[in-house]
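Text of target.pdb, listed as PDB, C-alpha atoms:
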ATOM      1  CA  MET A   4       1.955 -14.295 -21.574  1.00  0.00           C
ATOM      2  CA  ASP A   5       0.203 -17.657 -21.196  1.00  0.00           C
ATOM      3  CA  ASP A   6      -3.564 -18.150 -21.656  1.00  0.00           C
ATOM      4  CA  ASP A   7      -4.359 -17.864 -17.936  1.00  0.00           C
ATOM      5  CA  GLU A   8      -2.355 -14.646 -17.652  1.00  0.00           C
ATOM      6  CA  GLU A   9      -4.131 -13.209 -20.707  1.00  0.00           C
ATOM      7  CA  PHE A  10      -7.507 -14.014 -19.166  1.00  0.00           C
ATOM      8  CA  ARG A  11      -6.553 -12.556 -15.763  1.00  0.00           C
ATOM      9  CA  TYR A  12      -5.293  -9.375 -17.432  1.00  0.00           C
ATOM     10  CA  ALA A  13      -8.509  -9.037 -19.477  1.00  0.00           C
ATOM     11  CA  LEU A  14     -10.678  -9.624 -16.399  1.00  0.00           C
ATOM     12  CA  LYS A  15      -8.692  -7.117 -14.322  1.00  0.00           C
ATOM     13  CA  THR A  16      -9.055  -4.530 -17.094  1.00  0.00           C
ATOM     14  CA  VAL A  17     -12.830  -4.946 -17.349  1.00  0.00           C
ATOM     15  CA  LEU A  18     -13.282  -4.995 -13.566  1.00  0.00           C
ATOM     16  CA  ARG A  19     -11.528  -1.622 -13.438  1.00  0.00           C
ATOM     17  CA  ASP A  20     -14.375  -0.216 -15.557  1.00  0.00           C
ATOM     18  CA  LEU A  21     -16.957  -1.965 -13.392  1.00  0.00           C
ATOM     19  CA  ARG A  22     -15.467  -0.428 -10.224  1.00  0.00           C
ATOM     20  CA  ALA A  23     -15.409   2.988 -11.865  1.00  0.00           C
ATOM     21  CA  GLN A  24     -19.058   3.121 -12.854  1.00  0.00           C
ATOM     22  CA  CYS A  25     -21.214   0.392 -11.349  1.00  0.00           C
ATOM     23  CA  PRO A  26     -22.790   0.578  -7.883  1.00  0.00           C
ATOM     24  CA  VAL A  27     -23.082  -3.237  -7.696  1.00  0.00           C
ATOM     25  CA  GLN A  28     -19.809  -5.102  -7.306  1.00  0.00           C
ATOM     26  CA  PRO A  29     -19.234  -8.843  -7.684  1.00  0.00           C
ATOM     27  CA  ASP A  30     -17.937 -11.394  -5.241  1.00  0.00           C
ATOM     28  CA  ILE A  31     -15.336 -13.071  -7.479  1.00  0.00           C
ATOM     29  CA  ARG A  32     -14.526 -16.729  -6.915  1.00  0.00           C
ATOM     30  CA  LYS A  33     -12.378 -19.328  -8.630  1.00  0.00           C
ATOM     31  CA  GLU A  34     -14.512 -22.365  -7.857  1.00  0.00           C
ATOM     32  CA  ASP A  35     -12.924 -25.178  -9.797  1.00  0.00           C
ATOM     33  CA  ASP A  36      -9.410 -25.646 -11.121  1.00  0.00           C
ATOM     34  CA  GLU A  37     -10.836 -27.307 -14.235  1.00  0.00           C
ATOM     35  CA  PHE A  38     -13.010 -24.269 -15.091  1.00  0.00           C
ATOM     36  CA  ARG A  39     -10.913 -21.793 -17.069  1.00  0.00           C
ATOM     37  CA  GLY A  40     -12.540 -18.739 -15.603  1.00  0.00           C
ATOM     38  CA  VAL A  41     -14.163 -17.275 -12.507  1.00  0.00           C
ATOM     39  CA  MET A  42     -17.642 -16.937 -11.059  1.00  0.00           C
ATOM     40  CA  LEU A  43     -19.105 -13.514 -10.380  1.00  0.00           C
ATOM     41  CA  TYR A  44     -21.737 -13.462  -7.641  1.00  0.00           C
ATOM     42  CA  ALA A  45     -24.273 -10.678  -7.134  1.00  0.00           C
ATOM     43  CA  PRO A  46     -25.493  -9.527  -3.703  1.00  0.00           C
ATOM     44  CA  ASP A  47     -28.648 -11.642  -4.183  1.00  0.00           C
ATOM     45  CA  GLY A  48     -26.495 -14.794  -4.469  1.00  0.00           C
ATOM     46  CA  SER A  49     -26.957 -15.326  -8.200  1.00  0.00           C
ATOM     47  CA  GLY A  50     -23.813 -16.134 -10.108  1.00  0.00           C
ATOM     48  CA  GLN A  51     -22.445 -16.181 -13.609  1.00  0.00           C
ATOM     49  CA  GLY A  52     -19.311 -17.693 -15.029  1.00  0.00           C
ATOM     50  CA  VAL A  53     -16.830 -15.548 -16.934  1.00  0.00           C
ATOM     51  CA  TYR A  54     -14.308 -17.341 -19.074  1.00  0.00           C
ATOM     52  CA  ALA A  55     -12.353 -16.934 -22.243  1.00  0.00           C
ATOM     53  CA  GLU A  56     -10.546 -19.053 -24.746  1.00  0.00           C
ATOM     54  CA  PRO A  57      -7.557 -16.950 -25.818  1.00  0.00           C
ATOM     55  CA  ASP A  58      -6.856 -17.147 -29.526  1.00  0.00           C
ATOM     56  CA  GLY A  59      -3.854 -14.873 -29.824  1.00  0.00           C
ATOM     57  CA  ARG A  60      -5.921 -11.717 -30.327  1.00  0.00           C
ATOM     58  CA  PRO A  61      -5.810  -9.830 -26.993  1.00  0.00           C
ATOM     59  CA  ALA A  62      -8.357  -7.201 -28.100  1.00  0.00           C
ATOM     60  CA  MET A  63     -10.902  -9.885 -29.009  1.00  0.00           C
ATOM     61  CA  LEU A  64     -10.333 -11.605 -25.669  1.00  0.00           C
ATOM     62  CA  LEU A  65     -10.829  -8.308 -23.831  1.00  0.00           C
ATOM     63  CA  ALA A  66     -14.078  -7.552 -25.702  1.00  0.00           C
ATOM     64  CA  HIS A  67     -15.345 -11.100 -25.032  1.00  0.00           C
ATOM     65  CA  VAL A  68     -14.669 -10.795 -21.292  1.00  0.00           C
ATOM     66  CA  ALA A  69     -16.253  -7.317 -21.281  1.00  0.00           C
ATOM     67  CA  ASP A  70     -19.427  -8.760 -22.863  1.00  0.00           C
ATOM     68  CA  GLN A  71     -19.702 -11.377 -20.129  1.00  0.00           C
ATOM     69  CA  VAL A  72     -19.058  -8.941 -17.265  1.00  0.00           C
ATOM     70  CA  GLN A  73     -21.575  -6.544 -18.804  1.00  0.00           C
ATOM     71  CA  GLU A  74     -24.191  -9.313 -18.872  1.00  0.00           C
ATOM     72  CA  TRP A  75     -23.520 -10.005 -15.180  1.00  0.00           C
ATOM     73  CA  ALA A  76     -23.681  -6.283 -14.306  1.00  0.00           C
ATOM     74  CA  VAL A  77     -27.000  -5.688 -16.074  1.00  0.00           C
ATOM     75  CA  GLU A  78     -28.588  -8.642 -14.248  1.00  0.00           C
ATOM     76  CA  ALA A  79     -27.065  -7.608 -10.894  1.00  0.00           C
ATOM     77  CA  LEU A  80     -28.256  -4.016 -11.303  1.00  0.00           C
ATOM     78  CA  TRP A  81     -31.761  -5.176 -12.185  1.00  0.00           C
ATOM     79  CA  GLY A  82     -31.746  -7.486  -9.168  1.00  0.00           C
ATOM     80  CA  GLN A  83     -30.916  -4.525  -6.908  1.00  0.00           C
ATOM     81  CA  GLY A  84     -33.658  -2.328  -8.369  1.00  0.00           C
ATOM     82  CA  GLU A  85     -31.138  -0.095 -10.156  1.00  0.00           C
ATOM     83  CA  PRO A  86     -31.347   0.959 -13.820  1.00  0.00           C
ATOM     84  CA  ALA A  87     -30.054  -2.071 -15.708  1.00  0.00           C
ATOM     85  CA  VAL A  88     -27.629  -0.092 -17.862  1.00  0.00           C
ATOM     86  CA  TRP A  89     -23.866  -0.637 -17.624  1.00  0.00           C
ATOM     87  CA  PRO A  90     -21.708   0.931 -18.797  1.00  0.00           C
ATOM     88  CA  GLN A  91     -23.747   4.074 -19.306  1.00  0.00           C
ATOM     89  CA  CYS A  92     -23.639   5.584 -22.767  1.00  0.00           C
ATOM     90  CA  PRO A  93     -22.494   9.163 -22.103  1.00  0.00           C
ATOM     91  CA  SER A  94     -24.625  10.419 -25.000  1.00  0.00           C
ATOM     92  CA  HIS A  95     -27.797   8.522 -24.083  1.00  0.00           C
ATOM     93  CA  LEU A  96     -27.970   8.154 -20.285  1.00  0.00           C
ATOM     94  CA  ASP A  97     -30.325   5.458 -18.947  1.00  0.00           C
ATOM     95  CA  THR A  98     -31.250   4.538 -22.517  1.00  0.00           C
ATOM     96  CA  HIS A  99     -28.775   1.821 -23.442  1.00  0.00           C
ATOM     97  CA  PRO A 100     -25.395   0.550 -22.350  1.00  0.00           C
ATOM     98  CA  LEU A 101     -22.238   0.887 -24.362  1.00  0.00           C
ATOM     99  CA  ALA A 102     -21.214  -2.150 -26.416  1.00  0.00           C
ATOM    100  CA  ALA A 103     -17.834  -3.873 -26.277  1.00  0.00           C
ATOM    101  CA  THR A 104     -16.186  -4.280 -29.655  1.00  0.00           C
ATOM    102  CA  VAL A 105     -12.850  -4.193 -31.431  1.00  0.00           C
ATOM    103  CA  GLU A 106     -11.967  -1.259 -33.665  1.00  0.00           C
ATOM    104  CA  GLU A 107      -8.631  -0.890 -35.422  1.00  0.00           C
ATOM    105  CA  GLY A 108      -7.116  -3.567 -33.182  1.00  0.00           C
ATOM    106  CA  ASP A 109      -8.271  -1.982 -29.888  1.00  0.00           C
ATOM    107  CA  ALA A 110     -10.993  -3.193 -27.515  1.00  0.00           C
ATOM    108  CA  VAL A 111     -13.369  -0.269 -27.003  1.00  0.00           C
ATOM    109  CA  TRP A 112     -16.774   0.683 -25.621  1.00  0.00           C
ATOM    110  CA  VAL A 113     -19.005   2.176 -28.330  1.00  0.00           C
ATOM    111  CA  CYS A 114     -22.485   3.692 -28.499  1.00  0.00           C
ATOM    112  CA  PRO A 115     -24.628   1.070 -30.250  1.00  0.00           C
ATOM    113  CA  SER A 116     -26.797   3.819 -31.782  1.00  0.00           C
ATOM    114  CA  THR A 117     -24.136   6.050 -33.296  1.00  0.00           C
ATOM    115  CA  GLY A 118     -21.072   3.807 -33.367  1.00  0.00           C
ATOM    116  CA  ASP A 119     -19.074   6.525 -31.593  1.00  0.00           C
ATOM    117  CA  THR A 120     -16.243   5.283 -29.390  1.00  0.00           C
ATOM    118  CA  ALA A 121     -16.714   6.307 -25.754  1.00  0.00           C
ATOM    119  CA  ALA A 122     -13.517   4.823 -24.275  1.00  0.00           C
ATOM    120  CA  HIS A 123     -11.019   2.023 -24.493  1.00  0.00           C
ATOM    121  CA  ILE A 124     -12.074  -0.928 -22.362  1.00  0.00           C
ATOM    122  CA  GLY A 125     -10.368  -0.408 -19.014  1.00  0.00           C
ATOM    123  CA  GLU A 126     -10.401   3.385 -19.317  1.00  0.00           C
ATOM    124  CA  LEU A 127     -13.963   4.414 -18.446  1.00  0.00           C
ATOM    125  CA  PRO A 128     -13.946   7.557 -16.310  1.00  0.00           C
ATOM    126  CA  VAL A 129     -15.026   7.277 -12.685  1.00  0.00           C
ATOM    127  CA  SER A 130     -18.718   8.079 -12.412  1.00  0.00           C
ATOM    128  CA  GLU A 131     -19.648  11.569 -11.251  1.00  0.00           C
ATOM    129  CA  SER A 132     -21.955  10.109  -8.609  1.00  0.00           C
ATOM    130  CA  GLY A 133     -19.040   8.368  -6.947  1.00  0.00           C
ATOM    131  CA  GLU A 134     -21.116   5.195  -6.695  1.00  0.00           C
ATOM    132  CA  GLY A 135     -18.471   2.891  -8.079  1.00  0.00           C
ATOM    133  CA  VAL A 136     -15.839   1.526  -5.723  1.00  0.00           C
ATOM    134  CA  SER A 137     -13.143   3.652  -7.319  1.00  0.00           C
ATOM    135  CA  GLY A 138     -15.491   6.611  -7.166  1.00  0.00           C
ATOM    136  CA  ARG A 139     -15.096   6.832  -3.402  1.00  0.00           C
ATOM    137  CA  ALA A 140     -12.072   9.048  -3.925  1.00  0.00           C
ATOM    138  CA  PHE A 141     -14.274  11.495  -5.807  1.00  0.00           C
ATOM    139  CA  ARG A 142     -17.089  11.842  -3.284  1.00  0.00           C
ATOM    140  CA  ARG A 143     -17.863  15.282  -2.025  1.00  0.00           C
ATOM    141  CA  GLY A 144     -15.618  16.597   0.705  1.00  0.00           C
ATOM    142  CA  ARG A 145     -16.521  18.654   3.776  1.00  0.00           C
ATOM    143  CA  GLY A 146     -19.259  21.178   3.325  1.00  0.00           C
ATOM    144  CA  GLY A 147     -20.800  19.166   0.485  1.00  0.00           C
ATOM    145  CA  ARG A 148     -18.679  20.866  -2.176  1.00  0.00           C
ATOM    146  CA  LYS A 149     -16.951  18.947  -4.883  1.00  0.00           C
ATOM    147  CA  ARG A 150     -13.194  19.246  -4.597  1.00  0.00           C
ATOM    148  CA  SER A 151     -11.452  20.814  -7.518  1.00  0.00           C
ATOM    149  CA  ARG A 152      -7.884  20.465  -8.651  1.00  0.00           C
ATOM    150  CA  ARG A 153      -7.982  23.770 -10.481  1.00  0.00           C
ATOM    151  CA  GLY A 154      -5.720  26.464  -9.158  1.00  0.00           C
ATOM    152  CA  ARG A 155      -3.626  24.114  -7.038  1.00  0.00           C
TER     153      ARG A 155
END

Could I get this structure in the form of structure tokens?
Amino acid sequence: MDDDEEFRYALKTVLRDLRAQCPVQPDIRKEDDEFRGVMLYAPDGSGQGVYAEPDGRPAMLLAHVADQVQEWAVEALWGQGEPAVWPQCPSHLDTHPLAATVEEGDAVWVCPSTGDTAAHIGELPVSESGEGVSGRAFRRGRGGRKRSRRGR
């Protein structure tokens, strides 16, 4: 995998988490062939570059990209009047976001207070509220009841 492919894979992985749990989604643009990254634009028009310099450690690259996307998400959420916390720490909702790090060679989201691993980067569960783009499949069905797979 070349450097550009590594970056695209890392970005795709982090954006999967963003779609799963963030109500604000970026407009992603590749603005300049010389810039080794992309620009993420928020609904208010503000933008932030996301880039990476691969160094042969895919987990470090993934955590680095996750940090940058997280920074964009927190600013975009704040700009929309939403709680500026992404991704949500499942143990401390609306208190602090999870932190991207590398543990035992894997890029993971951890609680910054306890150090507990919440998920591998790219594997956050879809939010219960269904606010994320991917969450649309989990919105309540007819009659306002949550669909269940149990007993099927």

Answer key for the PyMOL selection byres ((chain A and resi 101) around 8), residues as an MDAnalysis selection string: chainID A and resid 89:92 99:100 102:103 112:115 121

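Minimum distance to Gly108 in chain A across A:Leu96, A:Leu18, A:Val88, A:Met63 (counting all atoms listed in the file) occurs at A:Met63.
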
What is the CA of Glu56 in chain A-CA of Asp5 in chain A distance in Å, reported with one decimal? 11.4 Å

Test item: the PyMOL selection byres ((chain A and resi 19-22) around 12) resolved as a PyMOL selection string: chain A and resi 12-18+23-29+69-77+79-80+88-91+101+103+111-112+122-130+133-140

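Taking only C-alpha atoms into account, Val53 in chain A lies nearest to A:Arg32 out of the set A:Thr104, A:Arg32, A:Pro93, A:Glu37.
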
Name every residue that the PyMOL selection byres ((chain A and resi 6) around 10) selects in this structure, writing the answer as a ChimeraX atom specification with chains first and numbers rising. /A:4-5,7-12,39,55-59

Residue selection dump (C-alpha atoms) as an mmCIF file, in the coordinates of the input:
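What follows is the written file selection-v6.cif:
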data_model
loop_
_atom_site.group_PDB
_atom_site.id
_atom_site.type_symbol
_atom_site.label_atom_id
_atom_site.label_comp_id
_atom_site.auth_asym_id
_atom_site.auth_seq_id
_atom_site.Cartn_x
_atom_site.Cartn_y
_atom_site.Cartn_z
ATOM 1 C CA MET A 4 1.955 -14.295 -21.574
ATOM 2 C CA ASP A 5 0.203 -17.657 -21.196
ATOM 3 C CA ASP A 7 -4.359 -17.864 -17.936
ATOM 4 C CA GLU A 8 -2.355 -14.646 -17.652
ATOM 5 C CA GLU A 9 -4.131 -13.209 -20.707
ATOM 6 C CA PHE A 10 -7.507 -14.014 -19.166
ATOM 7 C CA ARG A 11 -6.553 -12.556 -15.763
ATOM 8 C CA TYR A 12 -5.293 -9.375 -17.432
ATOM 9 C CA ARG A 39 -10.913 -21.793 -17.069
ATOM 10 C CA ALA A 55 -12.353 -16.934 -22.243
ATOM 11 C CA GLU A 56 -10.546 -19.053 -24.746
ATOM 12 C CA PRO A 57 -7.557 -16.950 -25.818
ATOM 13 C CA ASP A 58 -6.856 -17.147 -29.526
ATOM 14 C CA GLY A 59 -3.854 -14.873 -29.824
#

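The spacing separating CA of Gly82 in chain A from CA of Gly52 in chain A amounts to 17.1 Å.
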
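Put simply, CA of His67 in chain A is 14.0 Å away from CA of Val41 in chain A.
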
Quick one: what's the axis-aligned box for range 94-103 of chain A, all listed atoms, 5 Å on every side, centre and edges in Å to one decimal, as AutoDock Vina command-line options?
--center_x -24.5 --center_y 3.3 --center_z -22.7 --size_x 23.4 --size_y 24.3 --size_z 17.5

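Each of A:Asp30, A:Asp119, A:Asp47, A:Asp36 was compared to His95 in chain A using only C-alpha atoms, and A:Asp119 turns out to be the nearest.
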